[in-house]
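Engineer: Structure file start36.txt (compact mmCIF, C-alpha atoms) is given on the next line.
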```txt
# COMPACT_ATOMS: atom_id res chain seq x y z
CA MET A 1 -12.56 105.08 108.81
CA GLU A 2 -11.16 108.23 107.26
CA LEU A 3 -9.02 110.90 108.93
CA TYR A 4 -8.42 114.30 107.34
CA SER A 5 -6.28 117.28 108.22
CA GLY A 6 -8.61 120.25 108.95
CA GLY A 7 -12.35 120.60 108.25
CA LEU A 8 -14.22 117.83 106.43
CA ASN A 9 -15.59 118.15 102.90
CA VAL A 10 -19.06 116.93 103.88
CA PRO A 11 -20.70 116.83 100.41
CA LYS A 12 -17.76 114.93 98.94
CA ILE A 13 -17.44 112.37 101.75
CA THR A 14 -21.15 111.66 102.10
CA ALA A 15 -21.60 111.46 98.31
CA LYS A 16 -18.73 108.99 98.09
CA TRP A 17 -20.29 106.80 100.79
CA TYR A 18 -23.68 107.01 99.04
CA GLU A 19 -22.15 105.98 95.72
CA GLU A 20 -20.47 103.01 97.41
CA ILE A 21 -23.67 101.63 98.92
CA LYS A 22 -26.52 102.79 96.66
CA SER A 23 -26.63 99.61 94.55
CA LEU A 24 -26.16 97.14 97.42
CA ASN A 25 -29.85 96.73 98.31
CA TYR A 26 -29.73 98.65 101.59
CA GLY A 27 -32.96 100.46 102.42
CA ALA A 28 -31.60 102.98 104.93
CA PHE A 29 -28.63 105.35 104.96
CA ILE A 30 -28.34 107.70 107.95
CA THR A 31 -25.58 110.27 108.38
CA PHE A 32 -24.64 112.33 111.43
CA VAL A 33 -22.65 115.47 110.68
CA GLY A 34 -21.01 117.35 113.55
CA THR A 35 -20.41 121.06 112.91
CA ILE A 36 -18.30 123.51 114.92
CA ARG A 37 -20.55 126.11 116.58
CA ASP A 38 -19.74 129.72 117.35
CA GLU A 39 -19.77 129.67 121.17
CA ASN A 40 -17.60 130.52 124.18
CA GLY A 41 -15.46 132.93 122.16
CA ILE A 42 -13.64 130.19 120.25
CA GLU A 43 -11.97 130.68 116.87
CA ALA A 44 -11.86 126.98 116.09
CA LEU A 45 -11.67 123.57 117.71
CA SER A 46 -8.59 121.41 117.42
CA PHE A 47 -8.18 117.64 117.69
CA ASP A 48 -5.49 115.12 118.56
CA ILE A 49 -6.13 111.47 117.67
CA TYR A 50 -4.43 108.26 118.72
CA GLU A 51 -5.01 106.31 115.55
CA PRO A 52 -4.08 102.70 116.52
CA ILE A 53 -6.71 102.47 119.28
CA LEU A 54 -9.25 104.49 117.26
CA LYS A 55 -8.84 101.94 114.45
CA LYS A 56 -9.49 99.05 116.86
CA TRP A 57 -12.51 100.85 118.31
CA PHE A 58 -13.91 101.35 114.80
CA GLU A 59 -13.22 97.73 113.79
CA SER A 60 -15.16 96.51 116.83
CA TRP A 61 -18.09 98.66 115.66
CA GLN A 62 -17.84 97.25 112.14
CA THR A 63 -18.17 93.77 113.66
CA LYS A 64 -21.15 94.79 115.83
CA ALA A 65 -22.86 96.41 112.85
CA ARG A 66 -22.20 93.41 110.59
CA GLN A 67 -23.88 91.12 113.15
CA ARG A 68 -27.03 93.23 112.61
CA GLY A 69 -26.67 93.27 108.82
CA ALA A 70 -25.47 96.89 108.81
CA ILE A 71 -22.39 98.92 107.85
CA VAL A 72 -20.86 101.82 109.82
CA LYS A 73 -18.64 104.58 108.46
CA MET A 74 -16.88 107.53 110.01
CA ALA A 75 -14.65 110.45 109.12
CA HIS A 76 -12.90 112.80 111.53
CA SER A 77 -10.61 115.80 111.44
CA ILE A 78 -7.09 116.10 112.85
CA GLY A 79 -5.84 119.56 113.86
CA ASP A 80 -7.79 122.81 113.65
CA VAL A 81 -11.37 123.03 112.38
CA LYS A 82 -12.99 126.45 112.01
CA ILE A 83 -16.48 127.57 113.05
CA ASP A 84 -19.16 126.37 110.58
CA GLU A 85 -16.90 123.57 109.34
CA SER A 86 -17.44 119.89 110.12
CA SER A 87 -15.06 117.79 112.21
CA TYR A 88 -17.00 114.54 112.36
CA ILE A 89 -19.27 112.49 110.13
CA SER A 90 -20.61 109.07 110.94
CA ALA A 91 -23.06 106.93 109.01
CA VAL A 92 -25.02 103.72 109.36
CA ILE A 93 -26.31 101.79 106.38
CA SER A 94 -28.73 98.91 106.90
CA PRO A 95 -31.39 96.94 105.07
CA LYS A 96 -34.20 98.46 107.17
CA ARG A 97 -34.63 101.75 109.02
CA ARG A 98 -35.06 100.46 112.60
CA VAL A 99 -31.56 98.98 112.86
CA ALA A 100 -30.01 102.10 111.32
CA LEU A 101 -31.88 104.46 113.68
CA GLU A 102 -30.85 102.46 116.73
CA LEU A 103 -27.25 101.95 115.64
CA ILE A 104 -26.57 105.59 114.78
CA ASP A 105 -27.51 106.54 118.34
CA GLU A 106 -25.31 103.85 119.94
CA PHE A 107 -22.44 104.45 117.51
CA VAL A 108 -22.30 108.23 118.01
CA GLU A 109 -22.69 108.02 121.80
CA ASP A 110 -19.97 105.37 122.15
CA PHE A 111 -17.78 107.46 119.86
CA LYS A 112 -18.13 110.43 122.23
CA ALA A 113 -17.33 108.23 125.26
CA ASN A 114 -14.53 106.00 123.98
CA ALA A 115 -12.89 107.14 120.75
CA PRO A 116 -9.32 108.24 121.64
CA ILE A 117 -9.67 111.82 120.44
CA TRP A 118 -8.81 114.95 122.43
CA LYS A 119 -10.53 118.27 121.81
CA TYR A 120 -9.13 121.75 122.38
CA ASP A 121 -10.77 125.17 122.11
CA VAL A 122 -8.67 127.54 120.02
CA ILE A 123 -8.78 130.97 121.71
CA GLU A 124 -6.43 133.79 120.65
CA GLY A 125 -4.42 131.25 118.68
CA LYS A 126 -3.82 128.97 121.67
CA ARG A 127 -5.13 125.44 122.21
CA VAL A 128 -6.98 124.95 125.52
CA TYR A 129 -7.91 121.34 126.41
CA ALA A 130 -11.71 120.98 126.64
CA LYS A 131 -11.40 119.23 129.99
CA ASP A 132 -14.94 119.94 131.23
CA ARG A 133 -16.49 118.39 128.10
CA SER A 134 -14.24 115.31 128.13
CA THR A 135 -15.09 111.87 129.48
CA PRO A 136 -12.77 109.24 130.97
CA MET A 137 -12.65 106.20 128.65
CA SER A 138 -13.93 102.77 129.67
CA GLY A 139 -11.27 101.28 131.91
CA ALA A 140 -10.09 104.65 133.27
CA GLY A 141 -9.22 104.63 136.97
CA ILE A 142 -7.12 101.44 136.77
CA LEU A 143 -4.10 103.33 138.15
CA MET A 144 -6.05 104.01 141.36
CA GLY A 145 -6.31 100.27 141.90
CA GLU A 146 -9.89 100.00 140.69
CA LYS A 147 -11.20 97.42 138.29
CA ASN A 148 -13.53 99.33 136.05
CA ASP A 149 -14.69 97.82 132.79
CA MET B 150 12.40 98.42 129.60
CA VAL B 151 8.81 99.52 129.00
CA ILE B 152 8.02 102.55 126.86
CA ILE B 153 5.42 104.95 128.29
CA GLU B 154 3.58 107.27 125.89
CA PHE B 155 1.46 110.21 127.02
CA MET B 156 -1.50 111.06 124.81
CA GLY B 157 -3.20 114.36 123.98
CA PRO B 158 -3.21 117.11 126.61
CA ILE B 159 -0.70 115.41 128.95
CA ASN B 160 1.78 116.72 126.40
CA ARG B 161 4.97 114.88 127.44
CA GLU B 162 7.65 113.09 125.49
CA PRO B 163 7.73 109.27 125.85
CA ILE B 164 9.88 107.79 128.60
CA GLU B 165 11.31 104.33 129.35
CA LEU B 166 10.77 102.67 132.73
CA ASP B 167 12.13 99.48 134.24
CA ILE B 168 8.79 98.12 135.53
CA SER B 169 7.01 94.77 135.31
CA THR B 170 3.38 95.52 136.22
CA VAL B 171 0.82 98.29 135.73
CA LYS B 172 0.91 98.68 139.53
CA GLU B 173 4.55 99.75 139.32
CA LEU B 174 3.55 102.26 136.65
CA SER B 175 0.87 103.57 139.01
CA ASP B 176 3.48 103.97 141.78
CA PHE B 177 5.67 106.00 139.40
CA ILE B 178 2.79 108.24 138.33
CA MET B 179 1.66 108.90 141.89
CA LYS B 180 5.13 110.20 142.76
CA ASP B 181 5.04 112.75 139.93
CA ASP B 182 3.32 116.01 140.92
CA THR B 183 1.88 116.67 137.46
CA LEU B 184 1.08 113.13 136.33
CA SER B 185 -0.62 112.26 139.62
CA THR B 186 -3.28 114.92 138.91
CA TRP B 187 -4.29 112.92 135.82
CA ALA B 188 -4.13 109.48 137.48
CA ASP B 189 -7.79 108.87 138.34
CA SER B 190 -8.97 109.73 134.82
CA LEU B 191 -6.43 107.78 132.76
CA ALA B 192 -7.15 104.68 130.71
CA VAL B 193 -4.14 102.47 130.03
CA GLY B 194 -3.32 100.75 126.76
CA VAL B 195 -0.66 98.05 126.50
CA ASN B 196 0.46 97.52 122.91
CA ASP B 197 -2.77 99.30 121.88
CA GLU B 198 -5.16 97.11 123.91
CA ILE B 199 -6.94 98.70 126.89
CA VAL B 200 -6.15 96.86 130.14
CA THR B 201 -8.33 96.90 133.26
CA ASP B 202 -6.25 94.95 135.79
CA ILE B 203 -3.65 96.85 137.82
CA ASN B 204 -1.69 93.59 138.26
CA PHE B 205 -1.36 93.20 134.47
CA LYS B 206 2.20 92.04 133.75
CA LEU B 207 4.45 94.08 131.51
CA LYS B 208 7.39 92.65 129.61
CA ASP B 209 10.49 94.11 128.08
CA GLY B 210 9.64 96.15 124.97
CA ASP B 211 5.94 96.64 125.82
CA ARG B 212 4.49 99.99 124.85
CA VAL B 213 2.13 101.55 127.39
CA THR B 214 -0.19 104.36 126.30
CA LEU B 215 -1.78 106.68 128.87
CA LEU B 216 -5.11 108.04 127.61
CA PRO B 217 -6.73 111.05 129.34
CA PRO B 218 -10.47 111.88 129.07
CA VAL B 219 -11.71 112.08 125.47
CA CYS B 220 -14.10 114.24 123.49
CA GLY B 221 -14.30 113.49 119.78
CA GLY B 222 -16.71 115.02 117.32
```
Kindly return the structure encoded in the file as structure tokens.

Structural biologist:
Amino acid sequence: MELYSGGLNVPKITAKWYEEIKSLNYGAFITFVGTIRDENGIEALSFDIYEPILKKWFESWQTKARQRGAIVKMAHSIGDVKIDESSYISAVISPKRRVALELIDEFVEDFKANAPIWKYDVIEGKRVYAKDRSTPMSGAGILMGEKND
Amino acid sequence: MVIIEFMGPINREPIELDISTVKELSDFIMKDDTLSTWADSLAVGVNDEIVTDINFKLKDGDRVTLLPPVCGG
């Protein structure tokens, strides 16, 4: 797991991952690159991260991937990321394509739902919490007296 | 005392509370006009593990993290 201040250097990060795994007899390497789009009048997006729980979330995914013979990787930005830049890269590396194709879907979707990262639109230099696009994490609602795993 | 940390858009400095369960934390949050608006969407971490039982016991020195809805990527 790699965290960077500002936009990600996609060619450098993905090339580094490729170099790490290319001689390890894996048949499939899938990357997902998230790019900031020009929409809703934003100048940039901005991110806060709570690293200790993100690290645990990622470690649980490493374990899940290992049980299927695969490896997962991710990189994410902290702070402001401009339009056309990347804020998020994830990758799955596995011996065969089927596991990698399935895992990249599960990994990215669970990332969106449960990674402790908060997104803000940057409009006229101000950060506005992207509340409508945000999802309560697994376990949210406990303070209302609900048990919700 | 238990340390309470507010993540992301809640945007508050940490506080210390003399509480012994997550339920007592809930009671505190419900009495706060601003925090109570977040209550139904918050996940709760205790020493960086998510807890799902409102009767979870807290001990002196525990660190509680309140996590509002997320959107990475």

Engineer: Select all residues from chain B having any atom no more than 6 Å from an atom of chain A (counting all atoms listed in the file, ignoring ligands), output as a list in words.

Structural biologist: Gly157, Ser175, Asp189, Ser190, Leu191, Ala192, Asp197, Thr201, Ile203, Pro218, Val219, Cys220, Gly221 and Gly222 of chain B

Engineer: Selection from above, C-alpha atoms, as a short mmCIF file (atom, residue, chain, number, x, y, z; two decimals), in the frame of the given file, can you write it?

Structural biologist:
```
data_model
loop_
_atom_site.label_atom_id
_atom_site.label_comp_id
_atom_site.auth_asym_id
_atom_site.auth_seq_id
_atom_site.Cartn_x
_atom_site.Cartn_y
_atom_site.Cartn_z
CA GLY B 157 -3.20 114.36 123.98
CA SER B 175 0.87 103.57 139.01
CA ASP B 189 -7.79 108.87 138.34
CA SER B 190 -8.97 109.73 134.82
CA LEU B 191 -6.43 107.78 132.76
CA ALA B 192 -7.15 104.68 130.71
CA ASP B 197 -2.77 99.30 121.88
CA THR B 201 -8.33 96.90 133.26
CA ILE B 203 -3.65 96.85 137.82
CA PRO B 218 -10.47 111.88 129.07
CA VAL B 219 -11.71 112.08 125.47
CA CYS B 220 -14.10 114.24 123.49
CA GLY B 221 -14.30 113.49 119.78
CA GLY B 222 -16.71 115.02 117.32
#
```

Engineer: Work out how far CA of Glu85 in chain A is from CA of Arg97 in chain A, in Å to one decimal.

Structural biologist: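 CA of Glu85 in chain A lies 28.1 Å from CA of Arg97 in chain A.
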
Engineer: Rounded to one decimal place, report the CA of Glu124 in chain A-CA of Leu184 in chain B distance in Å.

Structural biologist: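 Taking CA of Glu124 in chain A and CA of Leu184 in chain B, their separation equals 27.0 Å.
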
Engineer: Work out how far apart CA of Asp105 in chain A and CA of Ala91 in chain A are and give it in Å to one decimal.

Structural biologist: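 That distance, rounded to one decimal, is 10.3 Å.
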
Engineer: From the set B:Glu165, B:Pro158, B:Met179, B:Val151, which residue has the shortest atom-to-atom contact distance to Lys206 in chain B, counting only C-alpha atoms?

Structural biologist: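 For Lys206 in chain B, the nearest of the candidates is B:Val151.
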
Engineer: From the options A:Ser23, A:Arg66, A:Asp84, A:Val72, which residue's atoms come nearest to Val10 in chain A, counting only C-alpha atoms?

Structural biologist: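 Smallest distance to Val10 in chain A is found for A:Asp84.
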